[in-house]
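Below is one structure; the comments refer to it alone.
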Amino acid sequence: MDKIKKMNMTTQIIIATILGVLVGVLFGERMTAINVIGNIFLRLIQMSIVLLVMGQIIEAVGNLNPKQLGRLGLKTVIVFMVSSLLAAFFGTLMGVFFQPGKGIDFSLITGKKVPKLGASSSLQDTILNFFPNNIIHSMAQGMIVQVIVFAVLFGLAISFVRLENPDNKLLQITIDFNSVVLKMISFIMKFAPIGIFFILASTVGKMGIKVLLPLGKYLAVYGLSTLLFLFIWIIVVALYCHVRPARLIKNMMQMSMMALATTSSAITLPVELKDAQEKLGIKEKVAKLVLPLGMSLNSNGSAMHMAITLVTISQIYGYSHSAGGYFYIVVLSTLASLANAVVPGAGLVSLSIVIPQMGLPMQSIALFAGVDWFVGMLRTILNVDSDVFSALIVAKGEKAIDYAIFNRDSQSVKLEMTKIR
């Protein structure tokens, strides 16, 4: 028992996934009776999602200082929003083109087809439904996009009120409240391996091993999407900033490897800040503003992850979307990426935000639990690298790139360090 407690969450989830599949295969439909335990776990996650999303976004936006940000901050936020929207759009496009979820009728889990919500909504209705007319009603109904729009505006209002009244305590209350919500979710996530085991055991017992077939294709498509999007980023930055792509890749290699190894943007941030200044030549005023902000406001990897997963699950359910439906997926994934939770199993928490918004069952989250570590690697490297690419674009516009630092080789750096010593 002590050995199990010492295992990290990722290892526990992988073991639970394997055991759940094996038990489901061995005992078949008899395992459907235990699905209630998995559903309890999903409800425990879902019960605090609205509070988590609202609190995290109010804190992130409320912490901004409008007076200090000025033109530089506005430019940074615009780059963030455009890049996250494009990442979500690209993920949706790749999902539609390669169809990683096609070929399996997953509706047998619920016994009925999922209603085709996207097909009946016009683009105008979709856009109008982004804006709440009663935020309490939106929270009660779990309308996440409307909650996010309110949270962004509320956070902006807090940031301006803080300028007028520095003694206002509302932001600190929000920060303290968020800490409690995150701690509660951390407690719940400790039971993730148990919940995932029961969900998978009952699902595989009812559907058979074929229900897991899309995961290999899903991972391949998501990996290809990440590589292609990074390639596009590199070309855009190289052309705009007038740098060599090979040099750009080389100078970012250390932070990229750190992101892959740790699957954590927070842990990678110190290396990211150091290399951005010492290897890429980004001036301190830009690096120290853009990169920390990017952790909350620029999650290209998370936006793409949610978009491509929503498309995959929709295909598994035989769920067709209109143009307005796909547009909703792109915007929902972009806005939800603002609410990244820094807790174990954050990918599963993110999916629990967006999946119910598309009318899809929460049980589908369990299918992706076993590959969450691999997805986390791809998600994190795109999150981290896109922050740095954004910083380079902002720095270029501000003439804040030192090309002498960017183009010097490691040998020169070692010689300089030797002289300093």
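In the structure tokens, chains take the letters A, B, ... in the order shown, each chain's residues start at 1, and ligands count up from 1 in the order shown.
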Neighbouring residues of range 392-401 of chain A were defined as those with any atom within 7 Å, considering only C-alpha atoms; residues of the same chain fewer than 4 positions away were excluded. Please report them as an MDAnalysis selection string. chainID A and resid 75:76 237 241 281:283 286 388
Residues of range 308-392 of chain A in alpha helix (DSSP H), written as an NGL selection string: :A and (308-316 or 323-336 or 346-354 or 364-367 or 372-392)
Expected file contents, prior selection, C-alpha atoms, as a compact mmCIF listing (two decimals), in the first residue's frame:
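The resulting file, again-v2.txt, is reproduced below:
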# COMPACT_ATOMS: atom_id res chain seq x y z
CA ILE A 308 -9.08 17.81 -31.35
CA THR A 309 -10.44 15.73 -28.46
CA LEU A 310 -13.92 17.21 -28.83
CA VAL A 311 -13.87 16.45 -32.56
CA THR A 312 -12.64 12.89 -31.87
CA ILE A 313 -15.34 12.17 -29.27
CA SER A 314 -17.99 13.66 -31.56
CA GLN A 315 -16.89 11.26 -34.31
CA ILE A 316 -16.97 8.30 -31.91
CA ALA A 323 -20.10 25.22 -39.49
CA GLY A 324 -21.49 26.98 -36.41
CA GLY A 325 -20.85 23.87 -34.33
CA TYR A 326 -17.18 23.71 -35.35
CA PHE A 327 -16.85 27.44 -34.79
CA TYR A 328 -18.23 26.88 -31.28
CA ILE A 329 -15.62 24.15 -30.65
CA VAL A 330 -12.81 26.53 -31.70
CA VAL A 331 -14.01 29.40 -29.48
CA LEU A 332 -14.91 27.12 -26.56
CA SER A 333 -11.47 25.46 -26.64
CA THR A 334 -9.72 28.84 -26.85
CA LEU A 335 -11.65 30.38 -23.97
CA ALA A 336 -11.42 27.23 -21.82
CA ALA A 346 -4.99 18.79 -15.39
CA GLY A 347 -5.76 17.40 -18.86
CA LEU A 348 -8.71 15.44 -17.47
CA VAL A 349 -9.95 18.52 -15.61
CA SER A 350 -9.77 20.55 -18.85
CA LEU A 351 -11.82 17.95 -20.70
CA SER A 352 -14.42 17.95 -17.93
CA ILE A 353 -14.89 21.67 -18.67
CA VAL A 354 -15.58 21.36 -22.40
CA SER A 364 -15.82 9.59 -22.54
CA ILE A 365 -13.10 11.34 -20.49
CA ALA A 366 -11.98 7.97 -19.10
CA LEU A 367 -11.03 6.73 -22.58
CA ASP A 372 -2.96 11.64 -20.77
CA TRP A 373 0.77 11.51 -20.02
CA PHE A 374 1.68 11.39 -23.73
CA VAL A 375 -0.88 14.09 -24.48
CA GLY A 376 0.59 16.13 -21.61
CA MET A 377 4.04 16.06 -23.22
CA LEU A 378 2.68 17.37 -26.52
CA ARG A 379 0.39 19.89 -24.83
CA THR A 380 3.19 21.30 -22.65
CA ILE A 381 5.82 21.70 -25.38
CA LEU A 382 3.32 23.60 -27.52
CA ASN A 383 2.25 25.73 -24.53
CA VAL A 384 5.84 26.62 -23.65
CA ASP A 385 7.22 27.12 -27.15
CA SER A 386 4.24 29.21 -28.26
CA ASP A 387 4.83 31.52 -25.28
CA VAL A 388 8.42 32.04 -26.44
CA PHE A 389 7.40 32.51 -30.08
CA SER A 390 4.86 35.11 -28.95
CA ALA A 391 7.56 36.86 -26.91
CA LEU A 392 9.81 36.98 -29.98
Smallest atom-to-atom distance to Leu227 in chain A: which of A:Gly301, A:Ser320, A:Phe41, A:Gly73, using only C-alpha atoms?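 The answer is A:Gly301, which sits nearest to Leu227 in chain A.
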Any idea what's packed within 8 Å of Pro193 in chain A, counting only C-alpha atoms, ignoring anything in its chain fewer than 3 positions away? Could you give it as a PyMOL selection string? chain A and resi 9+12-13+15-17+190+196-197
Restricting the calculation to only C-alpha atoms, which member of A:Gly155, A:Gly223, A:Gly91, A:Gly20 is positioned closest to Ser202 in chain A? A:Gly20
Could you produce a table of the residues of range 28-84 of chain A lying within 12 Å of range 123-145 of chain A, with the nearest pair of atoms per residue and their separation in Å rounded to one decimal, using only C-alpha atoms, ordered by chain and increasing residue number, as CSV?
residue,atom,partner,partner_atom,distance
A:Gln46,CA,A:Gly142,CA,9.5
A:Met47,CA,A:Gly142,CA,9.6
A:Ser48,CA,A:Gly142,CA,10.3
A:Ile49,CA,A:Gly142,CA,8.5
A:Val50,CA,A:Met139,CA,6.4
A:Leu51,CA,A:Met139,CA,8.6
A:Leu52,CA,A:Ile144,CA,10.7
A:Val53,CA,A:Ile144,CA,7.9
A:Met54,CA,A:Ile144,CA,8.7
A:Ile57,CA,A:Ile144,CA,11.8
